[in-house]
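Before any comments, here is the structure.
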Amino acid sequence: MLIQKKKLFKTLFLTLPLALVLSCGEEKSDDEDSDATSNDDTATLPGGTSGTGTASQDITLSGTLNLASSLSLAPEDYILYCVTFEAAPKASTASVDSTGAFAVDVWSGVNFGCFVNNATTNLPVAQLEIIGDETPMGRESSTALALSQSVSLGNITLDEEKGVVEVAESVIESSKSTASSQIDLDEIHNQGYVMSCTPSGNADIDAACADLIDDGDSNTVFLRTLKATENGVEVTGMGVWANEASFTACGSFDFGTNEIEGVTFSQGDAGEFTEGADCALRQAYFGSTDSIPENRYAIGKMTPSGLGYSFISHDEYSHENSTCVQYESVKIEFSGTSALMYGLFTMSTGYSSDCTAEETDADRAGVRSFTVTFTQQ
């Protein structure tokens with residue numbers, strides 16, 4: 001039995017399947033030069049497709065990757081893998097040497113994200129995450145970078161248990177692009193979207209994406225922009241419902257007042273939901289006695305990230321009568337425009353080193369990713 005240990009982000013993704021296949025690129029051939037940085041416009045992307053994005057690879061992202069002592073692999077057993085968040089993505093890879101040093105050619109003026117992959121399997125084991133301040137509505141975090149010049153990340157640490165490599169926002173602050181997002185949060189407020197999976201070229205990944213967005217009714221979501229102030233500074237979040245009818249049936253509320261504290265809401269705070277025949281409830285997970293609306297999928301912070309927005313959930317769960325801890329995260333990078341958004345979903349599941357084989361699920365462990373298109377109705 002799992003018991004929720006710590007909830008770092010006020011989000012419940014109730015539609016996530018319990019098992020998702022790993023996102024991966026094609027394995028490298030025996031004669032591939034593992035020391036080369038790929039500048040090919042048709043670089044292999046997660047899922048096996050090739051990228052033809054228009055972004056220009058004209059700057060470098062470098063640093064030194066430190067490994068936890070519990071890891072059995074050496075630094076050179078990993079590669080850095082970066083991909084643009086474009087309608088037609090583009091990828092770049094670079095090896096990590098025996099000291100942990102790496103330098104990967106990346107793109108200026110476009111959002112991109114980076115993973116640490118196992119060099120043998122080319123499967124992602126962790127994602128770079130830009131860490132900002134903690135707020136009552138969630139941590140200022142992003143998995144996207146938008147740069148205007150080359151930058152060194154310095155010493156960064158691979159946490160393979162949690163599937164993340166954390167980078168302080170201050171490290172990249174002076175190198176960030178000044179371009180603004182094409183997504184206007186006011187334009188997504190009270191709007192319904194139809195979701196569709198962006199084909200990856202990998203049947204298993206496409207099937208997992210289809211399972212995620214199909215709730216048995218329709219591939220729709222109803223988005224709410226939540227505005228609030230914290231110590232006089234405006235913070236913005238997002239509420240996600242299955243559809244507008246579900247939102248209305250439950251009293252047209254965004255969350256309970258006990259769910260997000262410490263901020264004053266100017267838009268979105270409507271107290272508690274109204275139970276009724278048309279407002280289906282689901283018992284909360286992990287032993288909680290609270291009930292939550294079945295068709296409210298998530299609430300959380302929207303963090304500006306270069307040319308888009310990040311929506312991130314981190315949770316930890318302990319196994320009953322055990323020291324084993326399970327780490328879960330869901331990260332969505334929104335790019336595009338308010339009318340047509342692309343959401344890159346990246347999900348990871350990891351376990352602490354003291355977990356037994358019986359306490360882990362090999363089918364879930366690791367990092368997996370796919371892209372969902374959101375079309376405004």
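Convention: chains lettered A, B, ... in structure tokens order; per-chain residue numbering from 1; ligands numbered from 1 as shown.
Residues in contact with Phe273 in chain A at up to 12 Å, not including ones fewer than 6 positions away on its chain and judged by only C-alpha atoms, are Ser246, Phe247, Thr248, Ala249, Cys250, Gly251, Ser252, Phe253, Asp254, Phe255, Gly256, Thr257, Asn258, Cys279, Ala280, Leu281, Ser291, Ile292, Pro293, Glu294 and Arg296 of chain A.
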Who sits within 12 Å of Thr236 in chain A, only C-alpha atoms, same chain under 2 positions skipped, as number ranges by chain
A: 135-140, 184-186, 189, 224-230, 233-234, 238-239, 263-268, 299-304, 309-311
Extract, using only C-alpha atoms, all DNA, RNA and protein residues at most 8 Å from range 173-175 of chain A, discarding same-chain residues fewer than 5 positions from it, and format them as JSON, numbers by chain.
{"A": [147, 148, 149, 150, 151]}
Just to be explicit: take each residue in the selection above, keep N, CA and C atoms, and write the result as a tab-separated table (two decimals), in the first residue's frame.
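See again.tsv below for the written result:
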```
chain	number	residue	atom	x	y	z
A	147	LEU	N	17.17	30.47	-25.00
A	147	LEU	CA	18.42	31.19	-24.78
A	147	LEU	C	18.75	32.11	-25.94
A	148	SER	N	19.55	33.12	-25.65
A	148	SER	CA	20.03	34.01	-26.70
A	148	SER	C	21.54	33.88	-26.89
A	149	GLN	N	22.20	33.17	-25.95
A	149	GLN	CA	23.65	32.99	-26.06
A	149	GLN	C	24.07	31.72	-25.33
A	150	SER	N	25.29	31.29	-25.61
A	150	SER	CA	25.82	30.08	-24.98
A	150	SER	C	25.89	30.25	-23.48
A	151	VAL	N	25.78	29.12	-22.76
A	151	VAL	CA	25.82	29.17	-21.30
A	151	VAL	C	26.41	27.88	-20.75
```
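Around Gln127 in chain A, within 10 Å and counting only C-alpha atoms, the residues found are A:Leu80, A:Tyr81, A:Cys82, A:Gly113, A:Cys114, A:Phe115, A:Val116, A:Asn117, A:Thr143, A:Leu158, A:Asp159, A:Glu160, A:Lys162, A:Gly163, A:Val164, A:Val165, A:Glu166, A:Lys331, A:Thr346, A:Met347, A:Ser348, A:Val367, once anything fewer than 4 positions away on its own chain is removed.
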Of the residues A:Glu358, A:Glu86, A:Asp58, A:Glu76, which is the one nearest to Leu307 in chain A, using only C-alpha atoms?
A:Glu86
Please provide as a ChimeraX atom specification all residues within 12 Å of Cys197 in chain A, with the sequence filter that same-chain residues fewer than 4 positions apart are discarded (counting only C-alpha atoms).
/A:201-203,205-214,219,341-345,369-375
Identify, with DSSP run on backbone atoms, the residues in range 123-207 of chain A assigned to alpha helix (DSSP H), and express the list as a PyMOL selection string.
chain A and resi 169-172+185-188+203-207
Please save N, CA and C atoms of the selected residues as a PDB file, in the first residue's frame.
```pdb
ATOM      1  N   GLU A 169      17.636  28.607 -11.683  1.00  0.00           N
ATOM      2  CA  GLU A 169      17.277  29.596 -12.709  1.00  0.00           C
ATOM      3  C   GLU A 169      18.317  30.704 -12.805  1.00  0.00           C
ATOM      4  N   SER A 170      18.952  31.036 -11.694  1.00  0.00           N
ATOM      5  CA  SER A 170      19.952  32.107 -11.698  1.00  0.00           C
ATOM      6  C   SER A 170      21.134  31.795 -12.612  1.00  0.00           C
ATOM      7  N   VAL A 171      21.384  30.503 -12.856  1.00  0.00           N
ATOM      8  CA  VAL A 171      22.516  30.109 -13.698  1.00  0.00           C
ATOM      9  C   VAL A 171      22.307  30.538 -15.140  1.00  0.00           C
ATOM     10  N   ILE A 172      21.063  30.483 -15.614  1.00  0.00           N
ATOM     11  CA  ILE A 172      20.786  30.798 -17.014  1.00  0.00           C
ATOM     12  C   ILE A 172      20.180  32.187 -17.208  1.00  0.00           C
ATOM     13  N   LEU A 185      -2.539  33.800 -21.491  1.00  0.00           N
ATOM     14  CA  LEU A 185      -3.312  33.034 -20.515  1.00  0.00           C
ATOM     15  C   LEU A 185      -4.745  33.534 -20.392  1.00  0.00           C
ATOM     16  N   ASP A 186      -4.973  34.820 -20.628  1.00  0.00           N
ATOM     17  CA  ASP A 186      -6.347  35.337 -20.593  1.00  0.00           C
ATOM     18  C   ASP A 186      -7.193  34.720 -21.706  1.00  0.00           C
ATOM     19  N   GLU A 187      -6.546  34.362 -22.812  1.00  0.00           N
ATOM     20  CA  GLU A 187      -7.277  33.810 -23.949  1.00  0.00           C
ATOM     21  C   GLU A 187      -7.580  32.322 -23.803  1.00  0.00           C
ATOM     22  N   ILE A 188      -6.977  31.661 -22.805  1.00  0.00           N
ATOM     23  CA  ILE A 188      -7.307  30.255 -22.585  1.00  0.00           C
ATOM     24  C   ILE A 188      -8.293  30.096 -21.421  1.00  0.00           C
ATOM     25  N   ALA A 203       4.451   3.046 -32.311  1.00  0.00           N
ATOM     26  CA  ALA A 203       3.081   2.619 -32.051  1.00  0.00           C
ATOM     27  C   ALA A 203       2.778   2.534 -30.559  1.00  0.00           C
ATOM     28  N   ASP A 204       3.740   2.068 -29.760  1.00  0.00           N
ATOM     29  CA  ASP A 204       3.506   1.924 -28.319  1.00  0.00           C
ATOM     30  C   ASP A 204       3.338   3.286 -27.648  1.00  0.00           C
ATOM     31  N   ILE A 205       4.183   4.249 -28.036  1.00  0.00           N
ATOM     32  CA  ILE A 205       4.084   5.588 -27.455  1.00  0.00           C
ATOM     33  C   ILE A 205       2.778   6.250 -27.877  1.00  0.00           C
ATOM     34  N   ASP A 206       2.406   6.096 -29.146  1.00  0.00           N
ATOM     35  CA  ASP A 206       1.152   6.677 -29.618  1.00  0.00           C
ATOM     36  C   ASP A 206      -0.041   6.065 -28.886  1.00  0.00           C
ATOM     37  N   ALA A 207       0.017   4.762 -28.578  1.00  0.00           N
ATOM     38  CA  ALA A 207      -1.065   4.109 -27.843  1.00  0.00           C
ATOM     39  C   ALA A 207      -1.138   4.632 -26.419  1.00  0.00           C
TER      40      ALA A 207
END
```
DSSP strand (DSSP E or B) selection over range 212-269 of chain A, as a list in words
Thr220, Val221, Phe222, Leu223, Arg224, Thr225, Leu226, Lys227, Ala228, Thr229, Glu230, Val233, Glu234, Val235, Thr236, Gly237, Met238, Gly239, Val240, Trp241, Thr264, Phe265, Ser266 and Gln267 of chain A
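We find CA of Thr360 in chain A and CA of Ala74 in chain A to be spaced 23.6 Å apart.
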Could you pull the residues within 7 Å of Gln191 in chain A, counting only C-alpha atoms, minus those fewer than 3 positions along the same chain, as a list in words?
Ile188, Phe222, Leu223 and Gln376 of chain A
With only C-alpha atoms as the atoms that count, which of A:Thr64, A:Thr198, A:Ser305, A:Ser353 lies nearest to Gly154 in chain A?
A:Thr64
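Nearest to Arg368 in chain A of all the residues A:Thr323, A:Thr93, A:Thr356, A:Thr349 is A:Thr349, counting only C-alpha atoms.
Of note, CA of Thr274 in chain A and CA of Asn295 in chain A are spaced 13.3 Å apart.
Using only C-alpha atoms, the contacts of Cys324 in chain A at a cut-off of 6 Å, with sequence neighbours closer than 5 positions omitted, comprise A:Ser318, A:His319, A:Ser352, A:Asp354, A:Cys355.
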